[in-house]
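> Structure supplied as input-v4.csv; contents: CSV, C-alpha atoms.
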```
chain,number,residue,atom,x,y,z
Q,27,MET,CA,49.8,40.8,-57.6
Q,28,LYS,CA,47.0,38.5,-56.7
Q,29,LEU,CA,45.1,39.6,-53.6
Q,30,ASN,CA,41.8,37.7,-54.2
Q,31,ALA,CA,42.0,36.3,-50.6
Q,32,LEU,CA,41.6,39.8,-49.3
Q,33,LYS,CA,38.2,40.2,-50.9
Q,34,LEU,CA,36.9,37.3,-48.8
Q,35,ALA,CA,37.2,39.1,-45.5
Q,36,GLY,CA,35.3,42.2,-46.3
Q,37,LEU,CA,37.0,44.3,-43.8
Q,38,LEU,CA,40.5,44.3,-45.0
Q,39,LEU,CA,43.4,46.7,-45.7
Q,40,LEU,CA,46.5,46.4,-47.7
Q,41,PRO,CA,49.6,46.3,-45.4
Q,42,GLY,CA,51.0,49.5,-46.9
Q,43,SER,CA,47.8,51.4,-46.3
Q,44,ALA,CA,48.2,51.0,-42.6
Q,45,LEU,CA,50.5,53.9,-42.7
Q,46,LEU,CA,47.6,56.2,-43.5
Q,47,LEU,CA,45.5,55.3,-40.5
Q,48,GLY,CA,47.2,57.4,-37.8
Q,49,SER,CA,50.0,57.0,-35.4
Q,50,PRO,CA,50.6,53.5,-34.1
Q,51,ALA,CA,52.8,54.8,-31.3
Q,52,ALA,CA,50.0,57.0,-30.0
Q,53,SER,CA,47.8,54.0,-29.2
Q,54,ALA,CA,50.6,51.6,-28.1
Q,55,ALA,CA,52.5,53.7,-25.6
Q,56,SER,CA,50.3,54.3,-22.6
Q,57,GLY,CA,48.6,52.6,-19.6
Q,58,ASP,CA,47.2,49.2,-20.1
Q,59,VAL,CA,48.1,49.1,-23.8
Q,60,PRO,CA,50.9,46.6,-24.5
Q,61,ASN,CA,53.2,47.6,-27.4
Q,62,ILE,CA,52.8,44.6,-29.6
Q,63,SER,CA,53.2,46.3,-32.9
Q,64,GLY,CA,55.8,44.6,-35.2
Q,65,VAL,CA,56.5,41.3,-36.9
Q,66,TRP,CA,56.3,38.1,-34.9
Q,67,GLN,CA,57.5,34.7,-35.7
Q,68,TRP,CA,55.3,31.6,-35.9
Q,69,GLY,CA,54.0,30.8,-32.4
Q,70,ARG,CA,54.9,27.6,-30.5
Q,71,CYS,CA,52.7,25.8,-28.0
Q,72,MET,CA,53.3,26.6,-24.3
Q,73,ASP,CA,51.6,23.5,-22.9
Q,74,GLY,CA,54.8,21.4,-23.1
Q,75,GLY,CA,53.3,19.2,-25.7
Q,76,PRO,CA,55.0,18.2,-28.9
Q,77,GLY,CA,55.5,20.8,-31.6
Q,78,ILE,CA,52.3,22.5,-32.7
Q,79,SER,CA,49.9,19.9,-31.3
Q,80,CYS,CA,48.0,22.3,-29.1
Q,81,MET,CA,46.9,24.2,-32.2
Q,82,LEU,CA,45.6,21.1,-34.1
Q,83,LEU,CA,42.3,19.3,-33.6
Q,84,GLU,CA,43.0,15.7,-34.4
Q,85,GLU,CA,40.7,13.8,-36.7
Q,86,ASP,CA,39.0,12.1,-33.8
Q,87,ASP,CA,39.6,14.7,-31.1
Q,88,ALA,CA,37.5,14.2,-28.0
Q,89,ARG,CA,36.3,17.8,-28.3
Q,90,LEU,CA,34.5,17.1,-31.6
Q,91,THR,CA,30.8,16.5,-31.7
Q,92,ASP,CA,29.3,13.5,-33.5
Q,93,ARG,CA,28.0,16.0,-36.0
Q,94,ALA,CA,31.5,17.2,-36.7
Q,95,LYS,CA,32.8,13.7,-37.3
Q,96,ALA,CA,29.8,12.8,-39.5
Q,97,LEU,CA,30.4,15.8,-41.7
Q,98,ARG,CA,34.1,15.1,-41.8
Q,99,ASP,CA,33.4,11.7,-43.2
Q,100,ALA,CA,31.0,12.9,-45.8
Q,101,LEU,CA,33.1,15.9,-47.1
Q,102,ASP,CA,35.1,15.3,-50.2
Q,103,GLU,CA,38.7,16.5,-49.6
Q,104,ALA,CA,38.9,17.7,-53.3
Q,105,ALA,CA,36.0,20.1,-52.6
Q,106,ALA,CA,38.0,22.0,-50.0
Q,107,PRO,CA,38.3,25.7,-50.8
Q,108,LYS,CA,42.1,25.6,-50.2
Q,109,TYR,CA,42.5,24.0,-53.6
Q,110,ASP,CA,41.2,27.2,-55.1
Q,111,CYS,CA,43.7,29.3,-53.1
Q,112,ALA,CA,41.1,30.2,-50.4
Q,113,PRO,CA,43.0,30.9,-47.2
Q,114,MET,CA,42.4,29.1,-43.9
Q,115,SER,CA,40.5,31.0,-41.4
Q,116,ILE,CA,41.1,31.3,-37.7
Q,117,PRO,CA,42.0,29.4,-35.6
Q,118,HIS,CA,43.5,26.9,-38.0
Q,119,MET,CA,45.5,29.7,-39.7
Q,120,TRP,CA,47.9,29.9,-36.7
Q,121,THR,CA,49.2,26.4,-37.3
Q,122,ASP,CA,50.9,27.5,-40.5
Q,123,PRO,CA,54.6,28.2,-40.2
Q,124,TYR,CA,54.6,31.9,-41.1
Q,125,SER,CA,55.3,35.1,-39.3
Q,126,HIS,CA,52.6,37.8,-38.8
Q,127,GLN,CA,52.6,41.5,-38.3
Q,128,ILE,CA,50.6,43.5,-35.8
Q,129,ASP,CA,49.9,47.2,-36.3
Q,130,GLN,CA,48.2,49.1,-33.5
Q,131,PHE,CA,46.3,52.2,-34.4
Q,132,ASP,CA,44.0,54.6,-32.5
Q,133,ASP,CA,40.8,52.9,-33.7
Q,134,ARG,CA,41.9,49.5,-35.0
Q,135,ILE,CA,44.4,46.7,-34.9
Q,136,VAL,CA,45.6,45.4,-38.2
Q,137,PHE,CA,47.0,41.8,-38.5
Q,138,THR,CA,48.9,40.9,-41.6
Q,139,TYR,CA,49.8,37.3,-42.1
Q,140,GLY,CA,52.8,35.9,-44.1
Q,141,LYS,CA,50.6,33.4,-45.9
Q,142,ASP,CA,47.7,33.8,-48.3
Q,143,ASP,CA,47.8,37.6,-48.4
Q,144,VAL,CA,45.5,37.7,-45.4
Q,145,VAL,CA,44.9,41.0,-43.5
Q,146,ARG,CA,42.4,41.2,-40.7
Q,147,THR,CA,41.2,44.3,-38.9
Q,148,ALA,CA,39.9,44.3,-35.3
Q,149,TRP,CA,38.0,47.4,-34.4
Q,150,LEU,CA,38.6,49.3,-31.1
Q,151,PRO,CA,35.6,50.7,-29.2
Q,152,ASN,CA,36.3,54.3,-30.4
Q,153,SER,CA,36.1,53.3,-34.1
Q,154,ASN,CA,33.1,54.0,-36.3
Q,155,HIS,CA,32.9,50.4,-37.2
Q,156,LYS,CA,29.4,49.1,-37.8
Q,157,LYS,CA,28.5,45.6,-36.9
Q,158,PRO,CA,27.7,43.4,-39.9
Q,159,ALA,CA,24.1,43.1,-41.0
Q,160,VAL,CA,22.2,40.2,-39.6
Q,161,ASN,CA,22.5,38.3,-42.9
Q,162,GLU,CA,26.2,39.1,-43.4
Q,163,TYR,CA,28.7,36.4,-42.7
Q,164,LEU,CA,32.4,36.8,-43.4
Q,165,TYR,CA,35.3,34.4,-44.1
Q,166,PHE,CA,37.3,35.8,-41.2
Q,167,GLY,CA,34.3,37.0,-39.3
Q,168,ASP,CA,33.9,40.4,-37.7
Q,169,SER,CA,36.5,41.4,-35.1
Q,170,THR,CA,36.3,43.9,-32.3
Q,171,ALA,CA,39.2,44.6,-30.0
Q,172,ARG,CA,39.7,46.2,-26.5
Q,173,TYR,CA,42.6,46.6,-24.1
Q,174,GLU,CA,42.1,45.1,-20.7
Q,175,GLY,CA,44.7,44.7,-17.9
Q,176,GLY,CA,47.7,45.0,-20.1
Q,177,ALA,CA,46.2,42.6,-22.7
Q,178,LEU,CA,44.8,43.1,-26.2
Q,179,ILE,CA,41.6,41.1,-26.5
Q,180,VAL,CA,40.0,40.4,-29.9
Q,181,GLU,CA,36.6,38.8,-30.2
Q,182,THR,CA,35.5,37.5,-33.6
Q,183,THR,CA,32.0,36.3,-34.6
Q,184,HIS,CA,29.9,36.4,-37.8
Q,185,PHE,CA,31.9,33.8,-39.5
Q,186,ALA,CA,30.6,32.2,-42.7
Q,187,PHE,CA,30.1,28.5,-42.5
Q,188,ASP,CA,33.5,27.0,-43.4
Q,189,PRO,CA,34.2,23.4,-44.4
Q,190,GLN,CA,37.8,23.8,-43.3
Q,191,GLY,CA,37.1,26.2,-40.4
Q,192,LEU,CA,38.5,24.1,-37.5
Q,193,ASN,CA,41.1,22.0,-39.3
Q,194,ALA,CA,41.8,22.2,-43.1
Q,195,ASP,CA,43.7,18.9,-43.1
Q,196,PHE,CA,41.0,16.8,-41.6
Q,197,ARG,CA,37.9,18.4,-43.0
Q,198,LEU,CA,36.7,19.8,-39.7
Q,199,ALA,CA,34.1,22.4,-40.3
Q,200,SER,CA,33.0,25.4,-38.4
Q,201,SER,CA,29.6,27.0,-38.3
Q,202,THR,CA,28.2,30.6,-38.2
Q,203,GLN,CA,28.2,30.1,-34.4
Q,204,LYS,CA,31.9,29.9,-34.2
Q,205,LYS,CA,33.5,32.5,-31.8
Q,206,VAL,CA,37.2,33.1,-31.5
Q,207,VAL,CA,38.7,35.1,-28.7
Q,208,GLU,CA,42.3,36.1,-28.9
Q,209,ARG,CA,44.2,37.4,-25.9
Q,210,TYR,CA,47.6,39.0,-26.6
Q,211,THR,CA,50.0,39.8,-23.8
Q,212,LEU,CA,53.7,40.4,-23.5
Q,213,GLU,CA,55.9,38.1,-21.5
Q,214,GLY,CA,59.3,39.7,-21.4
Q,215,ASN,CA,60.1,40.3,-25.1
Q,216,ASP,CA,57.8,37.5,-26.3
Q,217,LEU,CA,54.2,37.7,-27.5
Q,218,VAL,CA,51.8,35.3,-25.9
Q,219,LEU,CA,48.6,34.6,-27.7
Q,220,GLU,CA,45.8,32.7,-25.9
Q,221,VAL,CA,43.1,31.4,-28.3
Q,222,THR,CA,39.7,30.3,-27.2
Q,223,THR,CA,37.4,28.8,-29.8
Q,224,THR,CA,33.8,27.8,-29.3
Q,225,ASP,CA,31.3,26.4,-31.8
Q,226,PRO,CA,28.2,24.7,-30.3
Q,227,PHE,CA,27.6,22.7,-33.5
Q,228,PHE,CA,31.1,21.2,-33.9
Q,229,LEU,CA,32.8,21.5,-30.5
Q,230,ASN,CA,31.4,20.0,-27.3
Q,231,LYS,CA,33.5,22.3,-25.1
Q,232,PRO,CA,35.8,25.3,-25.6
Q,233,TRP,CA,39.1,24.7,-27.3
Q,234,VAL,CA,41.8,26.7,-25.6
Q,235,TYR,CA,45.5,27.0,-26.3
Q,236,LYS,CA,48.4,29.3,-25.7
Q,237,ILE,CA,51.3,30.0,-28.0
Q,238,LYS,CA,54.4,32.1,-27.7
Q,239,SER,CA,56.3,34.1,-30.4
Q,240,ALA,CA,59.5,35.9,-30.6
Q,241,ARG,CA,60.0,39.1,-32.6
Q,242,ASP,CA,61.0,38.5,-36.2
Q,243,PRO,CA,63.8,40.7,-37.4
Q,244,GLU,CA,62.7,40.1,-41.0
Q,245,GLU,CA,59.9,41.7,-42.9
Q,246,LEU,CA,57.0,39.5,-44.1
Q,247,ALA,CA,57.7,38.0,-47.5
Q,248,LEU,CA,54.7,39.3,-49.4
Q,249,PRO,CA,52.8,39.1,-51.6
Q,250,TRP,CA,52.0,35.5,-51.3
Q,251,ALA,CA,50.4,35.4,-54.7
Q,252,CYS,CA,48.9,32.0,-54.6
Q,253,ASP,CA,49.1,30.2,-58.0
Q,254,GLN,CA,45.7,28.5,-58.5
Q,255,GLU,CA,47.0,25.9,-60.9
Q,256,GLY,CA,49.7,25.1,-58.4
Q,257,ALA,CA,47.2,24.9,-55.6
Q,258,ARG,CA,45.2,22.3,-57.6
Q,259,GLU,CA,48.1,20.2,-58.7
Q,260,ILE,CA,48.0,17.7,-55.9
Q,261,LEU,CA,44.3,16.9,-56.7
Q,262,LYS,CA,45.4,14.6,-59.5
Q,263,LEU,CA,47.1,12.4,-56.9
Q,264,MET,CA,43.8,11.9,-54.9
Q,265,PRO,CA,41.6,9.0,-55.7
Q,266,PRO,CA,38.0,10.2,-56.1
Q,267,LYS,CA,35.9,10.0,-53.0
Q,268,TYR,CA,32.7,9.6,-55.0
Q,269,PRO,CA,33.8,7.7,-58.1
Q,270,ASN,CA,30.2,7.3,-59.4
Q,271,ASP,CA,29.8,11.1,-59.7
Q,272,PRO,CA,30.8,12.9,-62.8
Q,273,THR,CA,34.4,14.1,-62.8
Q,274,VAL,CA,34.7,17.6,-61.4
Q,275,VAL,CA,36.1,20.2,-63.8
Q,276,ARG,CA,37.0,23.2,-61.8
Q,277,LEU,CA,36.5,26.7,-63.2
Q,278,PRO,CA,39.5,28.0,-65.0
Q,279,ALA,CA,42.2,29.6,-62.9
Q,280,ASP,CA,41.9,33.3,-62.4
G,29,MET,CA,68.7,7.6,-67.1
G,30,LYS,CA,67.7,4.8,-64.8
G,31,PHE,CA,64.7,4.0,-62.7
G,32,ILE,CA,65.1,2.2,-59.4
G,33,THR,CA,62.2,1.1,-57.3
G,34,GLN,CA,62.8,-0.3,-53.8
G,35,LEU,CA,59.6,-2.1,-52.9
G,36,ALA,CA,60.9,-3.2,-49.5
G,37,ALA,CA,59.1,-1.3,-46.8
G,38,VAL,CA,61.3,1.1,-45.0
G,39,ALA,CA,60.8,3.4,-42.1
G,40,VAL,CA,59.9,6.9,-42.8
G,41,LEU,CA,63.0,8.7,-44.0
G,42,ALA,CA,64.7,10.9,-41.6
G,43,SER,CA,64.2,14.5,-42.7
G,44,GLY,CA,66.6,17.3,-41.9
G,45,THR,CA,63.9,19.9,-42.4
G,46,GLN,CA,61.3,21.2,-40.1
G,47,ALA,CA,57.9,19.7,-40.4
G,48,VAL,CA,55.8,22.1,-42.3
G,49,MET,CA,52.0,22.3,-42.2
G,50,ALA,CA,50.5,24.3,-44.9
G,51,HIS,CA,48.1,24.3,-47.8
G,52,HIS,CA,47.3,20.6,-47.8
G,53,SER,CA,48.1,17.5,-45.9
G,54,THR,CA,50.1,14.8,-47.6
G,55,ASN,CA,48.3,12.2,-45.4
G,56,GLY,CA,46.8,9.5,-47.6
G,57,ILE,CA,48.4,10.9,-50.7
G,58,TYR,CA,51.9,9.3,-50.6
G,59,ASP,CA,53.0,5.8,-49.6
G,60,GLN,CA,55.2,6.5,-46.6
G,61,ALA,CA,56.2,2.8,-46.5
G,62,VAL,CA,57.9,2.9,-49.9
G,63,GLU,CA,61.1,4.7,-50.8
G,64,LEU,CA,61.8,5.5,-54.4
G,65,GLU,CA,64.9,6.9,-56.1
G,66,LEU,CA,64.4,8.5,-59.4
G,67,THR,CA,67.0,9.8,-61.9
G,68,GLY,CA,65.7,12.0,-64.6
G,69,THR,CA,65.7,15.2,-66.6
G,70,VAL,CA,64.1,18.5,-65.4
G,71,LYS,CA,61.1,19.4,-67.5
G,72,GLY,CA,59.9,22.2,-65.4
G,73,TRP,CA,60.4,24.1,-62.1
G,74,LYS,CA,57.7,26.3,-60.7
G,75,PHE,CA,58.9,28.5,-57.8
G,76,ILE,CA,55.3,29.4,-56.7
G,77,ASN,CA,53.0,29.4,-53.7
G,78,PRO,CA,51.4,27.6,-52.2
G,79,HIS,CA,54.0,25.0,-53.1
G,80,PRO,CA,56.9,25.0,-55.5
G,81,SER,CA,57.0,22.0,-57.8
G,82,LEU,CA,59.5,20.2,-59.9
G,83,THR,CA,58.6,18.1,-63.0
G,84,LEU,CA,61.1,15.4,-63.8
G,85,THR,CA,61.0,13.2,-66.9
G,86,VAL,CA,62.1,9.7,-66.0
G,87,VAL,CA,62.5,6.7,-68.3
G,88,ASP,CA,61.2,3.5,-66.8
G,89,GLU,CA,62.7,0.0,-67.1
G,90,LYS,CA,60.6,-0.5,-70.3
G,91,GLY,CA,62.0,2.6,-71.9
G,92,VAL,CA,58.8,4.6,-71.5
G,93,GLU,CA,59.0,8.2,-70.4
G,94,HIS,CA,56.9,9.5,-67.5
G,95,ASP,CA,56.7,13.0,-66.1
G,96,TRP,CA,56.9,12.9,-62.3
G,97,ASP,CA,55.5,15.7,-60.2
G,98,VAL,CA,58.1,16.0,-57.4
G,99,SER,CA,56.6,17.7,-54.4
G,100,TYR,CA,58.3,19.4,-51.4
G,101,GLY,CA,55.2,18.7,-49.3
G,102,GLY,CA,53.9,21.6,-47.3
G,103,SER,CA,56.9,23.9,-48.1
G,104,ALA,CA,56.2,27.2,-49.6
G,105,VAL,CA,58.5,29.6,-51.5
G,106,ALA,CA,59.6,31.3,-48.2
G,107,HIS,CA,60.6,28.0,-46.7
G,108,LEU,CA,62.7,26.9,-49.7
G,109,LYS,CA,64.3,30.3,-50.0
G,110,ARG,CA,65.7,29.8,-46.5
G,111,ARG,CA,67.2,26.5,-47.7
G,112,GLY,CA,68.9,28.3,-50.6
G,113,TYR,CA,66.4,27.6,-53.4
G,114,SER,CA,65.4,30.2,-56.0
G,115,ILE,CA,63.5,30.5,-59.3
G,116,ASP,CA,66.8,29.6,-61.0
G,117,THR,CA,67.7,26.5,-58.9
G,118,PHE,CA,66.7,24.1,-61.7
G,119,LYS,CA,66.9,24.5,-65.5
G,120,VAL,CA,65.1,22.5,-68.1
G,121,GLY,CA,67.4,19.7,-69.1
G,122,ASP,CA,69.3,19.4,-65.8
G,123,GLN,CA,69.9,15.8,-64.7
G,124,LEU,CA,68.8,15.1,-61.2
G,125,LYS,CA,68.5,12.3,-58.7
G,126,VAL,CA,65.7,12.5,-56.1
G,127,LYS,CA,64.5,10.3,-53.3
G,128,GLY,CA,61.1,10.1,-51.8
G,129,HIS,CA,57.8,8.4,-51.4
G,130,PRO,CA,55.6,7.7,-54.4
G,131,ALA,CA,51.9,8.6,-54.7
G,132,LEU,CA,49.5,5.9,-53.7
G,133,VAL,CA,47.7,6.5,-57.0
G,134,LYS,CA,50.3,4.6,-59.2
G,135,ASP,CA,49.5,6.1,-62.6
G,136,ALA,CA,49.7,9.6,-61.2
G,137,TYR,CA,53.5,9.7,-61.0
G,138,GLY,CA,53.9,11.9,-57.9
G,139,LEU,CA,56.8,11.8,-55.5
G,140,LEU,CA,57.1,13.5,-52.1
G,141,ILE,CA,60.7,14.4,-51.4
G,142,GLU,CA,62.1,13.1,-48.1
G,143,GLY,CA,65.5,13.3,-46.6
G,144,GLY,CA,66.8,16.5,-48.0
G,145,ASN,CA,67.4,17.9,-51.4
G,146,PRO,CA,67.7,16.4,-54.9
G,147,THR,CA,71.3,15.9,-56.1
G,148,HIS,CA,72.9,16.1,-59.5
G,149,ALA,CA,72.5,12.8,-61.3
G,150,ASP,CA,76.0,11.8,-60.3
G,151,GLY,CA,75.1,12.2,-56.6
G,152,THR,CA,76.9,15.5,-56.0
G,153,PRO,CA,74.9,18.0,-54.0
G,154,LEU,CA,73.2,21.0,-55.5
G,155,ALA,CA,74.8,24.4,-55.0
G,156,LEU,CA,72.2,25.8,-52.6
G,157,THR,CA,73.2,28.9,-50.6
G,158,PRO,CA,70.8,29.9,-47.8
G,159,PRO,CA,70.6,33.6,-47.2
G,160,GLY,CA,73.3,34.9,-44.9
G,161,GLN,CA,75.8,32.2,-45.8
```
Can you turn what I pasted into structure tokens?


Amino acid sequence: MKLNALKLAGLLLLPGSALLLGSPAASAASGDVPNISGVWQWGRCMDGGPGISCMLLEEDDARLTDRAKALRDALDEAAAPKYDCAPMSIPHMWTDPYSHQIDQFDDRIVFTYGKDDVVRTAWLPNSNHKKPAVNEYLYFGDSTARYEGGALIVETTHFAFDPQGLNADFRLASSTQKKVVERYTLEGNDLVLEVTTTDPFFLNKPWVYKIKSARDPEELALPWACDQEGAREILKLMPPKYPNDPTVVRLPAD
Amino acid sequence: MKFITQLAAVAVLASGTQAVMAHHSTNGIYDQAVELELTGTVKGWKFINPHPSLTLTVVDEKGVEHDWDVSYGGSAVAHLKRRGYSIDTFKVGDQLKVKGHPALVKDAYGLLIEGGNPTHADGTPLALTPPGQ
């Protein structure tokens, strides 16, 4: 079972270990706390636009800064971490068509995704979670959570610079200044997630969208177990962006 | 085995499957204006994430063998399982016919499947049984 992706986040748990953390029901049953534990299907945009368009920054999206476009044009697609099985971070991760699982505990919320063996933990105020050190930046950032007016709100900062941090298909990067706020509420039996992303280097205004998910009766199909050679296979179909440079020989697959 | 190339530009093939975003974009990789039909012999079938892949040995019009990497685009194992695929769907030596768009890099011999599933070489459909059917 390959779980290399988990090491990237720093604050991660295996899905099975969630059972050791306490009683999910105890934290999800009272007051302003919505019971959102369970498996949820891939979310769909609520803005009436086509498909998943609200979740995608287009190549020349008006919200991109000139700096973002210049970096996009310079980056070599073949250098993207995804070809080494690195997962996509938030918010781009939600565009992928996979279910995810939410587990609410007394001191934390655990999110498990159906792709890339990604598990994120968001820490509630009563946890003993320590903020990352000033020089510590994480692939999925550092997440804190709180309940407010029937909503679960997760705020994430301390992201590492990520060349695929805003869109992994168009080489749209995100900086250490990226902040992602997730607001989860229930609408009938559905889960509504509002995502607000800011990044003063690469976005000229907040990027906000809302998606809705139904409960998924099936369990997540894990482990994902990314095959590194398979992930790299398409590279041979790409013409080199910088043909005068020496041919890149990647490190052997793990 | 035969090799047919249709160089006439055609519209993007209708696809019966849900558009799938995933590990990589196929933008700029495949020539969406060209449709190709290949008939060949299965050399390999990897039912892996992020993307399953099929290797098909095809003999061209000059009698030269080429190994084609046949891609299901952004589909992962979970998506193909829902369509009835498994690790045993293809065996080395199976004769298949597949339609799709060729890679823009001509010598790379890549094909992006469009418009459904491969068929047996005689055109009969594969025996794919999605879960619950």

> Using all atoms listed in the file, what table do you get, as JSON lines, when you list each residue of range 49-99 of chain Q with an atom no more than 12 Å from range 137-143 of chain Q, its nearest pair of atoms, and their distance in Å rounded to one decimal, rows by chain then rising number?


```
{"residue": "Q:Ile62", "atom": "CA", "partner": "Q:Phe137", "partner_atom": "CA", "distance": 11.0}
{"residue": "Q:Ser63", "atom": "CA", "partner": "Q:Phe137", "partner_atom": "CA", "distance": 9.5}
{"residue": "Q:Gly64", "atom": "CA", "partner": "Q:Phe137", "partner_atom": "CA", "distance": 9.8}
{"residue": "Q:Val65", "atom": "CA", "partner": "Q:Thr138", "partner_atom": "CA", "distance": 8.9}
{"residue": "Q:Trp66", "atom": "CA", "partner": "Q:Tyr139", "partner_atom": "CA", "distance": 9.7}
{"residue": "Q:Gln67", "atom": "CA", "partner": "Q:Gly140", "partner_atom": "CA", "distance": 9.7}
{"residue": "Q:Trp68", "atom": "CA", "partner": "Q:Gly140", "partner_atom": "CA", "distance": 9.6}
```

> Save the residues we just selected, C-alpha atoms, as a PDB file, in the coordinates of the input?


```pdb
ATOM      1  CA  ILE Q  62      52.800  44.600 -29.600  1.00  0.00           C
ATOM      2  CA  SER Q  63      53.200  46.300 -32.900  1.00  0.00           C
ATOM      3  CA  GLY Q  64      55.800  44.600 -35.200  1.00  0.00           C
ATOM      4  CA  VAL Q  65      56.500  41.300 -36.900  1.00  0.00           C
ATOM      5  CA  TRP Q  66      56.300  38.100 -34.900  1.00  0.00           C
ATOM      6  CA  GLN Q  67      57.500  34.700 -35.700  1.00  0.00           C
ATOM      7  CA  TRP Q  68      55.300  31.600 -35.900  1.00  0.00           C
TER       8      TRP Q  68
END
```

> Suppose you want the space between CA of His155 in chain Q and CA of Glu208 in chain Q; what is it in Å?

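Computed distance, CA of His155 in chain Q to CA of Glu208 in chain Q, equals 19.0 Å.
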
> Please find the residues of chain Q near chain G - the criterion being any atom within 10 Å, counting all atoms listed in the file - and write them as a PyMOL selection string.

chain Q and resi 77-78+103+106+108-109+111-114+119+121-124+140-142+194-196+246-265

> If we draw a sphere of 8 Å around (58.4, 17.9, -67.0), which residues have at least one atom in it when counting only C-alpha atoms? Please report them as a PyMOL selection string.

chain G and resi 69-72+82-85+95-97

> Rounded to one decimal in Å, what is the spacing between CA of Gly91 in chain G and CA of Pro153 in chain G?

26.9 Å

> In Å to one decimal, how far is CA of Gly144 in chain G from CA of Gln123 in chain G?

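Computing the Euclidean distance for CA of Gln123 in chain G and CA of Gly144 in chain G yields 17.0 Å.
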
> Quick one: axis-aligned box around all listed atoms of range 100-110 of chain G, 4 Å on every side, centre and edge lengths in Å to one decimal, written as AutoDock Vina command-line options.


```
--center_x 59.8 --center_y 25.0 --center_z -49.0 --size_x 19.8 --size_y 20.6 --size_z 13.0
```

> Find the residue from G:Thr117, G:Lys109, G:Pro159, G:Leu64 that sits nearest to Ile141 in chain G; use all atoms listed in the file when measuring.

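Smallest separation from Ile141 in chain G among the options: G:Leu64.
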
> Which residue gives the smallest distance to Phe131 in chain Q among Q:Ser115, Q:Thr182, Q:Ala100, Q:Arg172, with only C-alpha atoms counted?

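Smallest distance to Phe131 in chain Q is found for Q:Arg172.
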